[in-house]
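Structure, as structure tokens:
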Protein chains: 2
Amino acid sequence: MRLVPGATIGILGAGQLGRMLAMAAARLGLKSHVFAPDADAPAFDVAAAKTVAAYEDEAALARFAEAVDVVTYEFENVPIACAEFLSERRPLRPNARALALTQDRLPEKTFLQDIGLETAPFLAIEDAGALIRAVASLGRPSILKTRRFGYDGKGQALVREGSDLAALFRGLGTEPTILEGFVRFEREISIIAARNLDGDFAAYDLCENEHERHILARTRVPAAVQPATEAAARDIARQVIEALDYVGVLAVELFLVRDYDGAERLIVNEVAPRVHNSGHWTIEGALTSQFEQHVRAIAGWPLGATTRLGAIEMRNLIGEEAANWPDILAQPELRLHLYGKVEARPGRKMGHVTRIRPGS
Amino acid sequence: MRLVPGATIGILGAGQLGRMLAMAAARLGLKSHVFAPDADAPAFDVAAAKTVAAYEDEAALARFAEAVDVVTYEFENVPIACAEFLSERRPLRPNARALALTQDRLPEKTFLQDIGLETAPFLAIEDAGALIRAVASLGRPSILKTRRFGYDGKGQALVREGSDLAALFRGLGTEPTILEGFVRFEREISIIAARNLDGDFAAYDLCENEHERHILARTRVPAAVQPATEAAARDIARQVIEALDYVGVLAVELFLVRDYDGAERLIVNEVAPRVHNSGHWTIEGALTSQFEQHVRAIAGWPLGATTRLGAIEMRNLIGEEAANWPDILAQPELRLHLYGKVEARPGRKMGHVTRIRPGS
């Protein structure tokens with residue numbers, strides 16, 4: 001099913017990604033109907049219609065499905081029951097399988113290995129005894145992670161020399177966990193790619209990312225990598241996107257490892273079935289933004305050109321950093337983006353700033 | 001009064017200009033409250049709040065003023081009583097004088113001549129006898145224009161050899177009119193400029209415009225003009241903007257005349273106290289779009305860089321031309337903008353398309 005201008009995109013989730021998706025949709029003459037439980041969320045300010053309800057509220061979901069032409073989501077923790085309920089009524093793009101696989105680290109990593117991609121070694125942990133055996137197998141340091149609802153470093157604990165494994169296991173509560181082997185990466189990289197209903201594929205130039213306290217701090221494009229690495233990343237994205245029969249924009253987070261002979265190698269960290277923070281530079285730094293690309297893909301339209309317009313640096317504004325907006329505005333070449341969040345909690349993504357050096 | 005993120009901009013008018021202003025405001029963390037009489041208008045889809053009421057409805061205007069921090073407008077025909085009512089309650093940017101001068105051709109042209117700028121010769125027409133005397137003075141061809149509410153060629157009649165002056169005069173109804181001498185221009189040019197609360201001035205590169213049936217069809221940037229002409233246009237924009245103590249984005253439409261010696265000369269056609277169709281290319285073609293620039297100016301913030309990112313062609317989609325959206329989307333390097341208007345009436349601006357050739 002292909003949309004025509006004037007049609008309505010249903011967006012699950014009303015954070016900054018939904019906000020930027022809704023604006024991209026509006027630019028193309030589409031309406032957005034945003035569904036989220038928190039009335040105060042950023043995307044509602046730019047949406048033509050909104051539903052404030054729980055993702056479990058089937059009556060509200062049924063009305064939402066009636067009101068929209070296609071459903072998409074801005075976050076991977078949409079309850080699968082919600083995704084399946086909606087996908088019986090309207091096209092859900094990306095599909096529910098992409099959600100199910102990426103919202104749980106165990107099937108996600110299993111899927112990635114099954115299609116031949118390299119990930120960190122991992123073992124599922126069912127109890128404290130399994131943790132002891134897994135640490136013996138994967139060594140220290142290694143990382144104990146909840147299988148679900150982890151983002152920005154939440155739900156993770158480093159297993160060091162001398163760590164009390166029983167305490168670490170108790171600390172992550174009653175959640176199912178996995179233990180991941182520690183990857184001695186040189187740098188963190190991501191690739192943002194898209195596939196549309198016709199199976200066309202397009203990827204942006206590789207992004208080089210720096211995290212601070214597990215939260216993305218800065219993205220630079222182009223990434224300073226060997227040409228073979230750029231090609232390998234595109235291949236990885238293409239394999240993931242095709243194996244999932246994916247429609248929309250998807251991000252693959254990668255570790256860049258340098259082998260003893262100096263060669264670069266990519267290890268897949270995780271897959272985000274959505275537009276991604278490391279792709280925010282595309283709003284002004286590429287001919288087609290990742291948000292427009294996602295809208296084009298889920299609308300059944302052709303993909304846009306991913307041509308980069310210059311050398312880019314994107315910096316996130318986390319928590320109180322957003323209070324520096326006057327200094328940022330005073331630098332006329334910086335592009336300020338604020339998400340309209342009222343409370344600048346520590347670790348909260350409040351906005352971002354992009355610098356383009358045109359033509360380079 | 002300077003805004004802080006989270007503040008609300010009140011926008012009078014809900015057409016495509018208001019729509020693009022509201023999106024620029026949202027990107028900067030500001031909310032928009034759009035006020036317009038037509039519930040179905042394009043800007044409402046991307047506004048955090050809306051009022052559907054007549055510009056004469058003082059109760060609605062008073063509530064609107066209460067709800068916003070600054071008021072701006074997307075069209076120059078805001079009733080002066082409405083502008084003055086609001087400006088007593090909230091900062092109105094640009095000011096009511098800019099509105100009053102530009103919504104009536106007689107004071108507009110008088111103002112332009114008073115500050116030393118060249119316009120077409122003109123005479124006010126009070127009655128059919130005055131028209132006969134004015135045509136004797138300004139010659140044929142000349143153009144009879146209503147003083148108010150003229151746009152896209154509406155309210156104009158060409159006075160040719162043999163034209164029946166009494167019939168022409170009757171044809172424009174009971175509206176006050178002026179007769180303008182005919183300018184044998186070579187090309188049509190516009191300049192988009194901005195001034196903020198601190199008096200800082202910034203202008204974009206000159207735009208070269210082609211009209212079809214009196215409606216803007218295409219804009220090309222850079223304009224192929226002599227460097228002295230580019231400088232002269234900037235000086236004209238600066239003179240106008242400073243004489244009006246103007247805050248916001250303003251467009252000056254200019255005729256480029258070639259003198260017998262080959263020199264280029266600029267004649268001011270009209271001033272638009274708002275963002276302008278010939279500046280739509282700045283959305284992806286300049287570091288700061290005209291919409292963001294206007295928001296920055298009226299917010300009391302620093303202006304952004306007007307740096308152009310490539311060679312630009314912007315084409316309007318008028319009426320049924322918008323039905324070509326699939327062909328436009330199929331060209332991945334084109335940027336499609338649709339305004340969300342349901343009915344494609346002849347002459348109606350439905351969207352536009354921008355092509356950037358990066359770096360040139």
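We name chains A, B, ... following the order of the structure tokens; residues begin at 1 in each chain, and ligands are numbered from 1 as shown.
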Would you list which chain A residues are within 8 Å of chain B using only C-alpha atoms, as a VMD selection string?
chain A and resid 5 to 6 23 26 to 31 44 to 49 284 287 to 288 301 to 305 309 326 329 to 342 358 to 359
Could you pull out the strand (DSSP E or B) residues of range 261-350 of chain A from DSSP and send them as a ChimeraX atom specification?
/A:264-272,286,308,310-318,334-338,349-350
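For the pair CA of Arg258 in chain B and CA of Gly153 in chain B, the interatomic distance is 23.8 Å.
Closest approach to Ala224 in chain B among B:Thr282, B:Thr174, B:Asn209, B:Asn77: B:Asn209, based on only C-alpha atoms.
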Mind listing the helix (DSSP H, G or I) residues of range 47-280 of chain B, per DSSP on the backbone, as a short mmCIF file (atom, residue, chain, number, x, y, z; two decimals) with C-alpha atoms, in the first residue's frame?
data_model
loop_
_atom_site.label_atom_id
_atom_site.label_comp_id
_atom_site.auth_asym_id
_atom_site.auth_seq_id
_atom_site.Cartn_x
_atom_site.Cartn_y
_atom_site.Cartn_z
CA GLU B 58 -11.31 40.91 19.73
CA ALA B 59 -12.22 38.34 22.37
CA ALA B 60 -10.33 35.66 20.45
CA LEU B 61 -7.43 38.04 19.82
CA ALA B 62 -7.23 38.89 23.53
CA ARG B 63 -7.07 35.19 24.47
CA PHE B 64 -4.47 34.62 21.74
CA ALA B 65 -2.33 37.47 23.10
CA GLU B 66 -2.56 35.96 26.58
CA ALA B 67 -1.34 32.61 25.26
CA ILE B 80 -4.31 47.15 10.99
CA ALA B 81 -6.86 47.19 13.82
CA CYS B 82 -5.95 43.58 14.60
CA ALA B 83 -2.22 44.37 14.50
CA GLU B 84 -2.66 47.37 16.77
CA PHE B 85 -4.90 45.50 19.19
CA LEU B 86 -2.27 42.78 19.54
CA SER B 87 0.69 45.16 19.69
CA ALA B 96 2.41 47.56 12.63
CA ARG B 97 4.00 50.35 10.57
CA ALA B 98 5.64 47.82 8.25
CA LEU B 99 2.20 46.29 7.73
CA ALA B 100 0.43 49.59 7.19
CA LEU B 101 2.99 50.77 4.65
CA THR B 102 3.17 47.58 2.63
CA ARG B 105 0.73 50.62 -2.73
CA LEU B 106 0.38 54.38 -2.34
CA PRO B 107 2.08 54.84 1.06
CA GLU B 108 4.50 52.00 0.17
CA LYS B 109 5.79 53.68 -2.98
CA THR B 110 5.76 57.08 -1.30
CA PHE B 111 7.87 55.70 1.55
CA LEU B 112 10.32 54.09 -0.88
CA GLN B 113 10.79 57.32 -2.79
CA ASP B 114 11.08 59.28 0.46
CA ALA B 128 -12.02 58.22 -13.95
CA GLY B 129 -10.90 61.75 -14.74
CA ALA B 130 -7.75 61.29 -12.67
CA LEU B 131 -7.02 58.11 -14.62
CA ILE B 132 -7.22 59.98 -17.93
CA ARG B 133 -4.84 62.65 -16.66
CA ALA B 134 -2.47 60.02 -15.18
CA VAL B 135 -2.32 58.03 -18.43
CA ALA B 136 -1.55 61.26 -20.26
CA SER B 137 1.31 61.81 -17.82
CA LEU B 138 2.77 58.26 -17.46
CA LEU B 165 -9.97 53.86 -19.61
CA ALA B 166 -13.48 54.22 -18.23
CA ALA B 167 -14.07 50.47 -18.59
CA LEU B 168 -10.71 49.65 -16.94
CA PHE B 169 -11.51 51.98 -14.08
CA ARG B 170 -14.94 50.40 -13.60
CA GLY B 171 -13.37 46.92 -13.89
CA PRO B 227 28.76 42.42 -8.38
CA ALA B 228 27.76 46.06 -8.08
CA THR B 229 24.12 45.04 -8.54
CA GLU B 230 24.36 42.47 -5.77
CA ALA B 231 25.82 45.16 -3.49
CA ALA B 232 23.15 47.66 -4.55
CA ALA B 233 20.38 45.20 -3.72
CA ARG B 234 21.82 44.61 -0.26
CA ASP B 235 21.98 48.38 0.28
CA ILE B 236 18.35 48.75 -0.78
CA ALA B 237 17.24 46.01 1.62
CA ARG B 238 19.26 47.57 4.43
CA GLN B 239 17.80 51.02 3.80
CA VAL B 240 14.24 49.70 3.82
CA ILE B 241 14.76 47.54 6.89
CA GLU B 242 16.38 50.33 8.88
CA ALA B 243 13.90 53.00 7.85
CA ASN B 277 8.29 32.54 -1.82
CA SER B 278 11.57 33.40 -3.56
CA GLY B 279 13.37 32.49 -0.31
#
Counting only C-alpha atoms, what is within 6 Å of range 247-254 of chain B, bar same-chain residues fewer than 3 positions away, as a list in words?
Arg93, Pro94, Glu188, Ile189, Ser190, Ile191, Ile192, Ala193, Ala194, Arg195, Asn196, Ile267, Val268, Asn269, Glu270, Val271, Ala272, Pro273, Arg274, Val275, His294, Ala297 and Ile298 of chain B
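Look at Ala124 in chain A: the protein and nucleic acid residues within 7 Å of it, using only C-alpha atoms and passing over chain neighbours fewer than 4 places away, are Leu106, Thr177, Ile178 and Leu179 of chain A.
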As a short mmCIF file (atom, residue, chain, number, x, y, z; two decimals) with N, CA and C atoms, in the first residue's frame, please: the residues near Val225 in chain B (cut-off 10 Å, only C-alpha atoms, same-chain neighbours under 5 positions excluded).
data_model
loop_
_atom_site.label_atom_id
_atom_site.label_comp_id
_atom_site.auth_asym_id
_atom_site.auth_seq_id
_atom_site.Cartn_x
_atom_site.Cartn_y
_atom_site.Cartn_z
N ARG B 187 14.99 41.62 -16.11
CA ARG B 187 14.75 40.45 -15.26
C ARG B 187 14.16 40.90 -13.94
N ILE B 189 14.21 40.26 -9.81
CA ILE B 189 15.19 39.90 -8.80
C ILE B 189 14.51 40.08 -7.45
N LEU B 206 21.31 37.12 -3.81
CA LEU B 206 20.22 37.60 -4.65
C LEU B 206 19.53 36.45 -5.40
N CYS B 207 18.20 36.55 -5.50
CA CYS B 207 17.40 35.54 -6.18
C CYS B 207 16.95 36.10 -7.53
N GLU B 208 16.98 35.25 -8.54
CA GLU B 208 16.48 35.65 -9.85
C GLU B 208 15.18 34.90 -10.09
N GLU B 230 24.55 43.24 -7.01
CA GLU B 230 24.36 42.47 -5.77
C GLU B 230 24.53 43.41 -4.56
N LEU B 256 15.30 44.50 -12.58
CA LEU B 256 16.63 44.77 -13.09
C LEU B 256 16.48 45.39 -14.48
N GLU B 264 23.67 47.80 -15.13
CA GLU B 264 22.45 47.30 -14.52
C GLU B 264 21.96 48.31 -13.47
#
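Between CA of Tyr151 in chain A and CA of Ala344 in chain A the separation is 18.1 Å.
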